[in-house]
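Data block for start.txt (compact mmCIF, C-alpha atoms):
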# COMPACT_ATOMS: atom_id res chain seq x y z
CA MET V 15 186.86 46.04 85.15
CA ASN V 16 187.24 49.58 83.92
CA ALA V 17 186.35 51.61 86.99
CA GLN V 18 187.55 54.92 85.56
CA LEU V 19 185.58 55.93 82.51
CA ASP V 20 186.54 58.88 80.35
CA SER V 21 184.03 61.50 79.24
CA PHE V 22 182.95 59.57 76.16
CA GLU V 23 182.60 56.28 77.99
CA THR V 24 180.60 57.96 80.73
CA ALA V 25 178.30 59.71 78.27
CA LEU V 26 177.80 56.51 76.32
CA LEU V 27 176.93 54.62 79.48
CA THR V 28 174.34 57.25 80.30
CA ARG V 29 172.80 56.90 76.86
CA LEU V 30 172.79 53.13 77.08
CA ARG V 31 171.11 53.25 80.48
CA GLU V 32 168.40 55.42 78.96
CA HIS V 33 167.98 52.83 76.26
CA VAL V 34 167.28 50.13 78.82
CA ASP V 35 164.11 51.93 79.75
CA GLN V 36 163.07 52.29 76.12
CA GLU V 37 163.80 48.71 75.17
CA PRO V 38 160.59 47.04 73.98
CA ASP V 39 159.91 43.70 75.52
CA ALA V 40 158.65 42.10 72.36
CA SER V 41 160.95 39.17 72.70
CA ARG V 42 159.55 37.94 75.98
CA ARG V 43 156.97 35.84 74.21
CA PHE V 44 159.60 34.09 72.17
CA SER V 45 162.13 32.50 74.42
CA ARG V 46 163.85 30.19 71.99
CA PRO V 47 167.51 31.20 72.09
CA ARG V 48 169.01 32.10 68.79
CA LEU V 49 172.59 32.73 67.94
CA LEU V 50 172.33 35.45 65.35
CA LEU V 51 170.44 37.99 67.36
CA GLY V 52 173.36 40.22 68.06
CA ALA V 53 173.76 41.86 64.73
CA ALA V 54 171.36 44.67 65.24
CA ALA V 55 168.97 45.23 68.04
CA THR V 56 167.39 48.54 67.40
CA VAL V 57 168.30 50.63 64.45
CA ALA V 58 167.76 54.12 63.22
CA ALA V 59 166.30 55.51 60.07
CA ALA V 60 169.06 54.33 57.86
CA VAL V 61 170.27 51.75 55.45
CA VAL V 62 171.48 48.94 57.62
CA MET V 63 172.09 45.25 57.70
CA VAL V 64 169.97 43.65 60.34
CA VAL V 65 169.21 40.29 61.75
CA VAL V 66 165.63 39.28 62.36
CA ILE V 67 164.36 36.01 63.64
CA PRO V 68 161.70 34.23 61.61
CA GLY V 69 158.10 34.44 62.68
CA LEU V 70 157.05 31.15 64.11
CA GLY V 71 153.52 30.56 65.23
CA THR V 72 152.24 33.93 64.08
CA THR V 73 149.05 34.02 62.10
CA THR V 74 149.13 37.41 60.38
CA ALA V 75 151.84 38.89 58.22
CA TYR V 76 151.55 42.29 59.87
CA SER V 77 149.53 44.39 62.24
CA VAL V 78 149.14 48.13 62.74
CA GLN V 79 148.09 49.70 66.01
CA GLU V 80 147.77 53.27 67.25
CA GLY V 81 148.36 53.99 70.91
CA ASN V 82 146.67 56.61 73.05
CA SER V 83 149.53 59.01 72.42
CA GLY V 84 149.10 58.70 68.67
CA THR V 85 152.16 56.55 68.18
CA ILE V 86 151.66 54.03 65.40
CA THR V 87 153.25 50.64 65.83
CA VAL V 88 153.69 48.24 62.93
CA GLU V 89 154.59 44.64 63.60
CA VAL V 90 155.73 42.56 60.64
CA ASN V 91 155.76 38.84 61.28
CA ARG V 92 156.34 37.68 57.74
CA LEU V 93 157.56 39.52 54.65
CA GLU V 94 154.31 39.15 52.78
CA ASP V 95 151.58 41.43 51.39
CA ALA V 96 153.40 44.76 51.23
CA LYS V 97 150.46 46.36 49.48
CA GLY V 98 148.16 45.21 52.24
CA LEU V 99 150.38 46.86 54.83
CA GLU V 100 150.41 50.08 52.78
CA ALA V 101 146.62 50.04 52.68
CA GLU V 102 146.43 49.35 56.40
CA LEU V 103 148.79 52.25 57.19
CA ALA V 104 146.68 54.51 54.97
CA LYS V 105 143.77 53.87 57.33
CA TYR V 106 145.90 55.48 60.02
CA GLY V 107 146.75 58.45 57.82
CA VAL V 108 150.22 57.28 56.86
CA ARG V 109 151.17 57.08 53.19
CA ALA V 110 153.68 54.31 52.82
CA ASP V 111 155.84 52.68 50.18
CA ILE V 112 156.67 49.17 51.36
CA THR V 113 158.88 46.78 49.39
CA TYR V 114 159.73 43.19 50.29
CA LEU V 115 162.59 41.67 48.36
CA PRO V 116 163.94 38.15 48.05
CA ASP V 117 166.73 37.22 50.41
CA ARG V 118 170.12 38.84 49.78
CA GLN V 119 168.63 41.57 47.61
CA GLU V 120 168.62 45.28 48.31
CA CYS V 121 167.18 48.35 46.64
CA ALA V 122 169.78 50.43 44.88
CA PRO V 123 170.31 53.64 46.87
CA GLY V 124 169.04 57.02 45.77
CA ARG V 125 165.47 56.16 44.93
CA TYR V 126 164.12 58.87 47.23
CA THR V 127 165.32 61.92 49.12
CA PRO V 128 164.92 61.73 52.90
CA VAL V 129 163.29 64.66 54.63
CA ASP V 130 165.73 67.14 56.08
CA ARG V 131 164.75 66.97 59.72
CA ARG V 132 165.47 64.82 62.69
CA LEU V 133 162.92 62.04 63.02
CA SER V 134 163.01 61.77 66.76
CA GLY V 135 161.61 58.58 68.14
CA MET V 136 161.11 56.77 64.85
CA GLN V 137 162.64 53.36 65.21
CA VAL V 138 162.75 49.82 64.00
CA SER V 139 163.25 47.20 66.67
CA MET V 140 164.26 43.65 66.01
CA GLY V 141 162.58 41.24 68.34
CA GLU V 142 163.35 37.57 68.29
CA ASN V 143 160.86 36.92 65.55
CA GLN V 144 159.42 40.11 64.25
CA LEU V 145 160.20 43.48 62.78
CA ARG V 146 158.59 46.35 64.66
CA VAL V 147 158.32 49.89 63.37
CA THR V 148 157.40 52.74 65.69
CA LEU V 149 156.17 56.02 64.25
CA PRO V 150 155.56 58.72 66.86
CA PRO V 151 152.91 61.36 66.07
CA GLY V 152 154.03 63.73 63.37
CA THR V 153 156.78 61.49 62.05
CA VAL V 154 155.12 61.17 58.64
CA ARG V 155 153.33 64.39 57.74
CA ASP V 156 150.33 64.56 55.45
CA ASP V 157 152.36 65.30 52.33
CA GLU V 158 155.07 62.76 53.10
CA ILE V 159 155.67 59.05 52.56
CA PHE V 160 157.10 56.46 54.90
CA VAL V 161 159.47 54.32 52.83
CA MET V 162 160.60 50.89 53.93
CA ALA V 163 162.30 48.12 51.99
CA VAL V 164 163.12 44.79 53.60
CA SER V 165 164.70 41.56 52.49
CA GLY V 166 165.62 38.50 54.41
CA GLY V 167 165.72 34.75 54.59
CA ALA V 168 166.29 31.91 56.97
CA ILE V 169 169.81 30.77 57.72
CA PRO V 170 169.55 27.02 58.29
CA PRO V 171 170.96 25.52 61.45
CA SER V 172 174.21 23.65 61.27
CA THR V 173 173.87 20.04 60.19
CA GLU V 174 176.80 19.07 62.34
CA PRO V 175 176.06 17.20 65.55
CA PRO V 176 176.29 19.29 68.74
CA HIS V 177 179.75 19.34 70.22
CA ASP V 178 180.92 20.76 73.48
CA GLY V 179 177.35 21.71 74.23
CA ILE V 180 177.34 24.25 71.40
CA THR V 181 174.89 24.10 68.55
CA ASP V 182 174.42 26.43 65.64
CA GLU V 183 170.69 26.99 65.58
CA GLY V 184 170.67 29.21 62.53
CA GLY V 185 168.50 32.27 62.36
CA PHE V 186 167.43 34.82 59.85
CA GLY V 187 169.54 37.41 58.10
CA GLY V 188 168.08 40.48 56.55
CA TRP V 189 168.45 44.02 55.28
CA THR V 190 166.23 47.04 55.61
CA ASP V 191 166.17 50.63 54.46
CA PHE V 192 163.58 52.96 55.94
CA ASP V 193 163.02 56.68 56.13
CA VAL V 194 160.52 59.43 55.42
CA THR V 195 160.44 61.39 52.19
CA ALA V 196 158.42 64.20 50.72
CA GLY V 197 158.49 62.19 47.49
CA PRO V 198 158.73 61.03 44.88
CA VAL V 199 159.80 57.41 45.45
CA GLN V 200 161.30 55.64 42.49
CA PRO V 201 160.73 51.91 41.99
CA CYS V 202 163.16 49.65 43.80
CA MET V 203 165.96 48.50 41.54
CA ALA V 204 166.96 45.26 43.21
CA THR V 205 170.63 44.46 43.54
CA THR V 206 172.10 41.31 44.97
CA ASN V 207 174.11 41.60 48.15
CA PRO V 208 177.20 39.43 47.74
CA VAL V 209 177.48 38.76 51.47
CA ASP V 210 179.36 35.62 52.45
CA MET O 5 183.12 39.27 87.18
CA ASP O 6 179.93 38.69 85.22
CA SER O 7 177.28 36.30 86.43
CA VAL O 8 175.00 34.55 83.97
CA GLU O 9 172.04 36.31 85.54
CA GLY O 10 173.81 39.64 85.34
CA VAL O 11 174.60 39.30 81.65
CA ALA O 12 171.09 38.10 80.88
CA ALA O 13 169.69 41.22 82.59
CA ILE O 14 171.69 43.93 80.82
CA GLY O 15 168.82 44.70 78.46
CA ARG O 16 166.39 45.48 81.24
CA ASP O 17 168.39 46.30 84.37
CA PRO O 18 170.47 49.51 84.29
CA SER O 19 172.65 48.37 87.18
CA ALA O 20 173.45 45.08 85.46
CA LEU O 21 174.16 47.00 82.29
CA GLU O 22 176.58 49.35 84.04
CA ALA O 23 178.52 46.52 85.65
CA PHE O 24 178.74 44.70 82.34
CA TYR O 25 179.70 47.88 80.50
CA ARG O 26 182.48 48.74 82.92
CA GLU O 27 183.80 45.21 82.65
CA HIS O 28 183.92 45.15 78.87
CA VAL O 29 183.97 48.66 77.43
CA GLU O 30 187.74 48.72 77.04
CA ALA O 31 187.75 45.32 75.33
CA VAL O 32 184.96 46.33 72.97
CA GLN O 33 186.74 49.53 72.01
CA SER O 34 189.92 47.62 71.29
CA PHE O 35 187.97 45.02 69.32
CA VAL O 36 186.51 47.79 67.17
CA ALA O 37 189.89 49.52 66.79
CA ARG O 38 191.28 46.32 65.30
CA ARG O 39 188.75 46.66 62.50
CA VAL O 40 188.09 50.32 61.67
CA ASP O 41 190.40 53.28 61.44
CA GLY O 42 187.97 56.16 61.82
CA TYR O 43 187.51 57.36 65.37
CA GLU O 44 183.91 58.43 64.81
CA ASP O 45 183.03 55.06 63.32
CA ALA O 46 184.76 53.44 66.27
CA ALA O 47 182.63 55.43 68.69
CA ASP O 48 179.41 54.57 66.87
CA LEU O 49 180.28 50.89 66.62
CA THR O 50 181.09 50.70 70.31
CA ALA O 51 177.59 51.94 71.04
CA GLU O 52 176.08 49.54 68.52
CA VAL O 53 177.86 46.56 70.01
CA PHE O 54 176.46 47.28 73.46
CA LEU O 55 172.99 47.96 72.07
CA ALA O 56 173.07 44.66 70.21
CA ALA O 57 174.32 42.86 73.32
CA MET O 58 171.52 44.40 75.39
CA HIS O 59 168.99 43.13 72.92
CA ALA O 60 170.50 39.67 72.67
CA SER O 61 171.01 39.32 76.41
CA ARG O 62 167.69 37.67 77.14
CA GLY O 63 168.89 34.63 75.26
CA TYR O 64 172.16 34.41 77.16
CA ARG O 65 172.34 31.19 79.14
CA GLY O 66 176.04 31.02 79.90
CA ASP O 67 176.26 27.41 78.81
CA GLY O 68 177.92 28.16 75.49
CA ALA O 69 180.19 31.15 75.47
CA ALA O 70 181.72 33.02 78.39
CA PRO O 71 180.57 36.65 78.50
CA ARG O 72 183.62 38.04 76.72
CA ALA O 73 183.48 35.47 73.92
CA TRP O 74 179.71 35.95 73.62
CA LEU O 75 180.22 39.69 73.34
CA TYR O 76 182.97 39.25 70.74
CA GLY O 77 180.62 37.12 68.66
CA ILE O 78 178.09 39.93 68.70
CA ALA O 79 180.71 42.60 68.08
CA ARG O 80 182.08 40.73 65.12
CA ARG O 81 178.69 40.65 63.41
CA VAL O 82 177.98 44.30 64.19
CA VAL O 83 181.28 45.38 62.64
CA ALA O 84 180.79 43.10 59.64
CA ASN O 85 177.41 44.67 59.04
CA HIS O 86 179.00 48.09 59.28
CA HIS O 87 181.40 47.20 56.50
CA ARG O 88 178.57 45.85 54.36
CA SER O 89 176.45 48.96 54.68
CA THR O 90 177.45 51.30 51.93
CA ALA O 91 174.92 54.04 52.40
CA ARG O 92 174.69 54.20 56.10
CA ALA O 93 172.80 57.34 57.00
CA ARG O 94 173.62 58.99 60.27
CA ARG O 95 170.17 60.17 61.08
CA ALA O 96 169.30 59.75 64.71
CA ALA O 97 166.33 57.91 66.00
CA ASP O 98 166.68 55.10 68.44
CA ARG O 99 170.24 54.34 67.48
CA ILE O 100 172.82 56.16 69.57
CA ASP O 101 174.83 58.68 67.61
CA ALA O 102 177.87 58.08 69.75
CA ARG O 103 180.22 60.29 67.77
CA GLU O 104 178.28 63.26 69.09
CA LEU O 105 179.39 62.28 72.59
CA LEU O 106 183.08 62.72 71.80
CA ASP O 107 185.10 65.61 73.12
CA GLU O 108 188.64 66.32 71.98
CA ASP O 109 190.37 64.31 74.70
CA ALA O 110 188.15 61.27 74.24
CA ALA O 111 188.62 61.43 70.48
CA ASP O 112 192.38 61.56 70.99
CA ARG O 113 192.25 58.45 73.14
CA ILE O 114 190.32 56.57 70.47
CA VAL O 115 192.75 57.71 67.79
CA ALA O 116 195.64 56.49 69.94
CA ARG O 117 193.93 53.14 70.43
CA ILE O 118 193.37 52.85 66.67
CA ASP O 119 197.02 53.67 66.03
CA SER O 120 198.14 50.99 68.45
CA GLU O 121 196.04 48.36 66.68
CA ARG O 122 197.44 49.03 63.22
CA ALA O 123 199.09 45.60 62.88
CA ALA O 124 195.93 43.77 63.91
CA ARG O 125 193.92 45.82 61.44
CA GLU O 126 196.24 44.78 58.63
CA ILE O 127 195.67 41.14 59.49
CA TYR O 128 191.93 41.73 59.66
CA ARG O 129 191.89 43.26 56.21
CA SER O 130 194.07 40.52 54.76
CA LEU O 131 191.40 37.98 55.70
CA ALA O 132 188.83 39.51 53.39
CA ALA O 133 189.46 36.95 50.67
CA LEU O 134 188.55 34.03 52.89
CA PRO O 135 185.09 32.50 52.78
CA GLU O 136 182.97 33.82 55.63
CA ARG O 137 182.89 30.52 57.49
CA GLN O 138 186.68 30.40 57.65
CA ARG O 139 187.18 34.12 58.13
CA SER O 140 184.98 34.25 61.18
CA VAL O 141 187.16 31.75 63.03
CA VAL O 142 190.51 33.08 61.87
CA GLU O 143 189.48 36.61 62.69
CA LEU O 144 188.73 35.88 66.32
CA VAL O 145 191.89 33.82 66.72
CA ALA O 146 194.44 35.81 64.73
CA VAL O 147 193.07 39.31 65.23
CA ASP O 148 191.55 39.08 68.70
CA GLY O 149 193.67 36.41 70.31
CA LEU O 150 190.90 34.02 71.26
CA SER O 151 191.62 30.33 71.50
CA LEU O 152 189.86 28.05 69.07
CA THR O 153 187.55 26.94 71.85
CA GLU O 154 186.64 30.52 72.68
CA ALA O 155 186.18 31.41 69.01
CA ALA O 156 183.91 28.41 68.56
CA ALA O 157 181.81 29.50 71.52
CA ALA O 158 181.62 33.05 70.21
CA LEU O 159 180.39 31.81 66.85
CA GLY O 160 178.10 29.13 68.17
CA ILE O 161 179.89 26.26 66.43
CA SER O 162 181.69 23.22 67.74
CA ALA O 163 185.35 23.40 68.63
CA GLY O 164 186.03 20.67 66.10
CA ASN O 165 184.31 22.66 63.41
CA ALA O 166 186.34 25.74 64.34
CA ARG O 167 189.54 23.75 64.18
CA VAL O 168 188.72 22.47 60.69
CA ARG O 169 187.84 25.94 59.46
CA TYR O 170 191.02 27.39 60.95
CA HIS O 171 193.33 24.90 59.35
CA ARG O 172 191.61 25.18 55.98
CA ALA O 173 192.04 28.93 56.16
CA ARG O 174 195.64 28.57 57.19
CA ARG O 175 196.35 26.49 54.11
CA GLN O 176 194.53 28.97 51.90
CA LEU O 177 196.46 31.89 53.32
CA ALA O 178 199.77 30.10 53.48
CA THR O 179 201.46 32.47 51.11
CA VAL O 180 200.20 35.53 52.88
CA LEU O 181 199.85 34.87 56.52
CA THR O 182 201.96 31.93 57.52
CA HIS O 183 203.83 34.07 59.97
CA SER O 184 200.62 35.32 61.52
CA LEU O 185 198.69 32.11 62.02
CA PRO O 186 200.16 29.68 64.50
CA GLU O 187 199.73 26.04 63.55
CA THR O 188 197.80 25.25 66.69
CA PRO O 189 196.36 28.20 68.58
CA LEU O 190 196.47 28.11 72.34
CA GLU O 191 193.54 26.15 73.69
CA VAL O 192 191.79 27.45 76.76
CA THR O 193 188.99 25.46 78.30
CA LEU O 194 186.07 27.67 79.21

Taking this structure as input, can you express it in the form of structure tokens?
Amino acid sequence: MNAQLDSFETALLTRLREHVDQEPDASRRFSRPRLLLGAAATVAAAVVMVVVIPGLGTTTAYSVQEGNSGTITVEVNRLEDAKGLEAELAKYGVRADITYLPDRQECAPGRYTPVDRRLSGMQVSMGENQLRVTLPPGTVRDDEIFVMAVSGGAIPPSTEPPHDGITDEGGFGGWTDFDVTAGPVQPCMATTNPVD
Amino acid sequence: MDSVEGVAAIGRDPSALEAFYREHVEAVQSFVARRVDGYEDAADLTAEVFLAAMHASRGYRGDGAAPRAWLYGIARRVVANHHRSTARARRAADRIDARELLDEDAADRIVARIDSERAAREIYRSLAALPERQRSVVELVAVDGLSLTEAAAALGISAGNARVRYHRARRQLATVLTHSLPETPLEVTL
């Protein structure tokens, strides 16, 4: 137990406590424990490696909703129909460039220039089986484009018999790059990630 | 001491989070310092490890890994992802930009911690040539001092599997790391 925290540790604890209140509860519906969930919980507008859990039992690839405050929430259950999601976002006044890539592939960096302002509140949350994007009002202005590229694939569970009560249930590994740009957005030049 | 219920609640209960954080923040910072040598990266990764743990906590049942081993398993993947990300933007949104929370004294303490973990960091880097399945086990044993049983729990694999991976890695690294990898790591029953 570290009872005495220094200034950084105290400030970080304060920020983490704030995050508890912001944590979406998307995973409540999906209680199956997975072992690969720890890689990234909630990530910023950035190029990051993430872990998502595959969508089981979901019927639509994506959904877009706008709350009373004007916040737009995108839920992606399967990496399918990127153009359909773009069209759906356009109905909500958001121009988007969505790219889904095969597992272990990434878009080469530099295909767009991010806007030079802080995108407060924009986030991507990784629930146990879906990718959720939150766009507060004003995040993507009329002359701007929301860019998101995602790749991922299932990691099969271990074929070894359970031992010591521990089983490797597998999961889903993925990558995403998302941000807002004033344009233009170049086509995604896919590169293979040599992970593992 | 963590309870299963307490760990499982850290994503939704600030009090549970604080108790868990106080219990493990020093260990997480040392874990990170054994892998990165930039104090700002270390600060950010510490935040990311706890964020990831908060998110994963709902699935914690306590029947596999003890809290520290569970947290190390998460931390290991967070740090590995950090190394894989080549164009990691530092724009803020939901992610905590922890480096902004550093003052001079706190930064000095992190730098000192990083300096003290230099030897462990060299071992960590020397494992890069190993296949991921072997590296994950060796890393937790040789760099972090976990037993094979604890490393297995952290990685969600059987102890037997961990033992096989460890010994295969030990043979592969014989010319490099014989002095660093004990033949049979200390076993601790969880």

Given all atoms listed in the file as the counted atoms, nearest of V:Asp130, V:Glu80, V:Glu94, V:Glu100 to chain O: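 Distance minimum relative to chain O lands on V:Asp130.
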
Compute the distance from (155.7, 66.1, 45.4) to each atom, counting all atoms listed in the file, keep the residues with any atom at most 9 Å away, and return them as an mmCIF file with C-alpha atoms, keeping the file's coordinate frame; use the coordinates of the file.
data_model
loop_
_atom_site.group_PDB
_atom_site.id
_atom_site.type_symbol
_atom_site.label_atom_id
_atom_site.label_comp_id
_atom_site.auth_asym_id
_atom_site.auth_seq_id
_atom_site.Cartn_x
_atom_site.Cartn_y
_atom_site.Cartn_z
ATOM 1 C CA ASP V 157 152.360 65.300 52.330
ATOM 2 C CA GLU V 158 155.070 62.760 53.100
ATOM 3 C CA ALA V 196 158.420 64.200 50.720
ATOM 4 C CA GLY V 197 158.490 62.190 47.490
ATOM 5 C CA PRO V 198 158.730 61.030 44.880
#

Contact residues around Gly42 of chain O with only C-alpha atoms at 10 Å, ignoring same-chain residues under 3 positions, as a tab-separated table (two decimals) with C-alpha atoms, in the frame of the given file:
chain	number	residue	atom	x	y	z
O	37	ALA	CA	189.89	49.52	66.79
O	39	ARG	CA	188.75	46.66	62.50
O	45	ASP	CA	183.03	55.06	63.32
O	46	ALA	CA	184.76	53.44	66.27
O	47	ALA	CA	182.63	55.43	68.69
O	114	ILE	CA	190.32	56.57	70.47
O	115	VAL	CA	192.75	57.71	67.79
O	118	ILE	CA	193.37	52.85	66.67

task: Please identify all polymer residues within 12 Å of Pro18 of chain O, counting all atoms listed in the file, omitting same-chain residues fewer than 3 positions from it, and present them as a PyMOL selection string.
output: (chain V and resi 27-37) or (chain O and resi 10-15+21-25+58)

Within 8 Å of Pro128 of chain V using all atoms listed in the file, minus same-chain residues under 3 positions, as a PDB file with C-alpha atoms, in the frame of the given file:
ATOM      1  CA  ASP V 193     163.020  56.680  56.130  1.00  0.00           C
ATOM      2  CA  VAL V 194     160.520  59.430  55.420  1.00  0.00           C
ATOM      3  CA  THR V 195     160.440  61.390  52.190  1.00  0.00           C
ATOM      4  CA  ALA V 196     158.420  64.200  50.720  1.00  0.00           C
TER       5      ALA V 196
END

query: What is the distance, in Å and to one decimal place, between atom CA of Ile112 of chain V and atom CA of Ala163 of chain V?
result: 5.8 Å

Dump C-alpha atoms of segment 67-81 of chain O from the given block, as a short mmCIF file (atom, residue, chain, number, x, y, z; two decimals), in the first residue's frame.
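So the final result, stored in out.cif, reads:
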data_model
loop_
_atom_site.label_atom_id
_atom_site.label_comp_id
_atom_site.auth_asym_id
_atom_site.auth_seq_id
_atom_site.Cartn_x
_atom_site.Cartn_y
_atom_site.Cartn_z
CA ASP O 67 -10.11 -17.32 -9.88
CA GLY O 68 -7.22 -17.02 -12.29
CA ALA O 69 -4.67 -14.39 -11.44
CA ALA O 70 -4.11 -12.57 -8.17
CA PRO O 71 -4.64 -8.81 -8.53
CA ARG O 72 -0.97 -7.98 -9.00
CA ALA O 73 -0.42 -10.68 -11.62
CA TRP O 74 -3.66 -9.69 -13.36
CA LEU O 75 -2.51 -6.09 -13.43
CA TYR O 76 0.91 -7.08 -14.76
CA GLY O 77 -0.75 -8.99 -17.58
CA ILE O 78 -2.64 -5.85 -18.54
CA ALA O 79 0.40 -3.62 -18.11
CA ARG O 80 2.48 -5.85 -20.30
CA ARG O 81 0.04 -5.56 -23.18
#
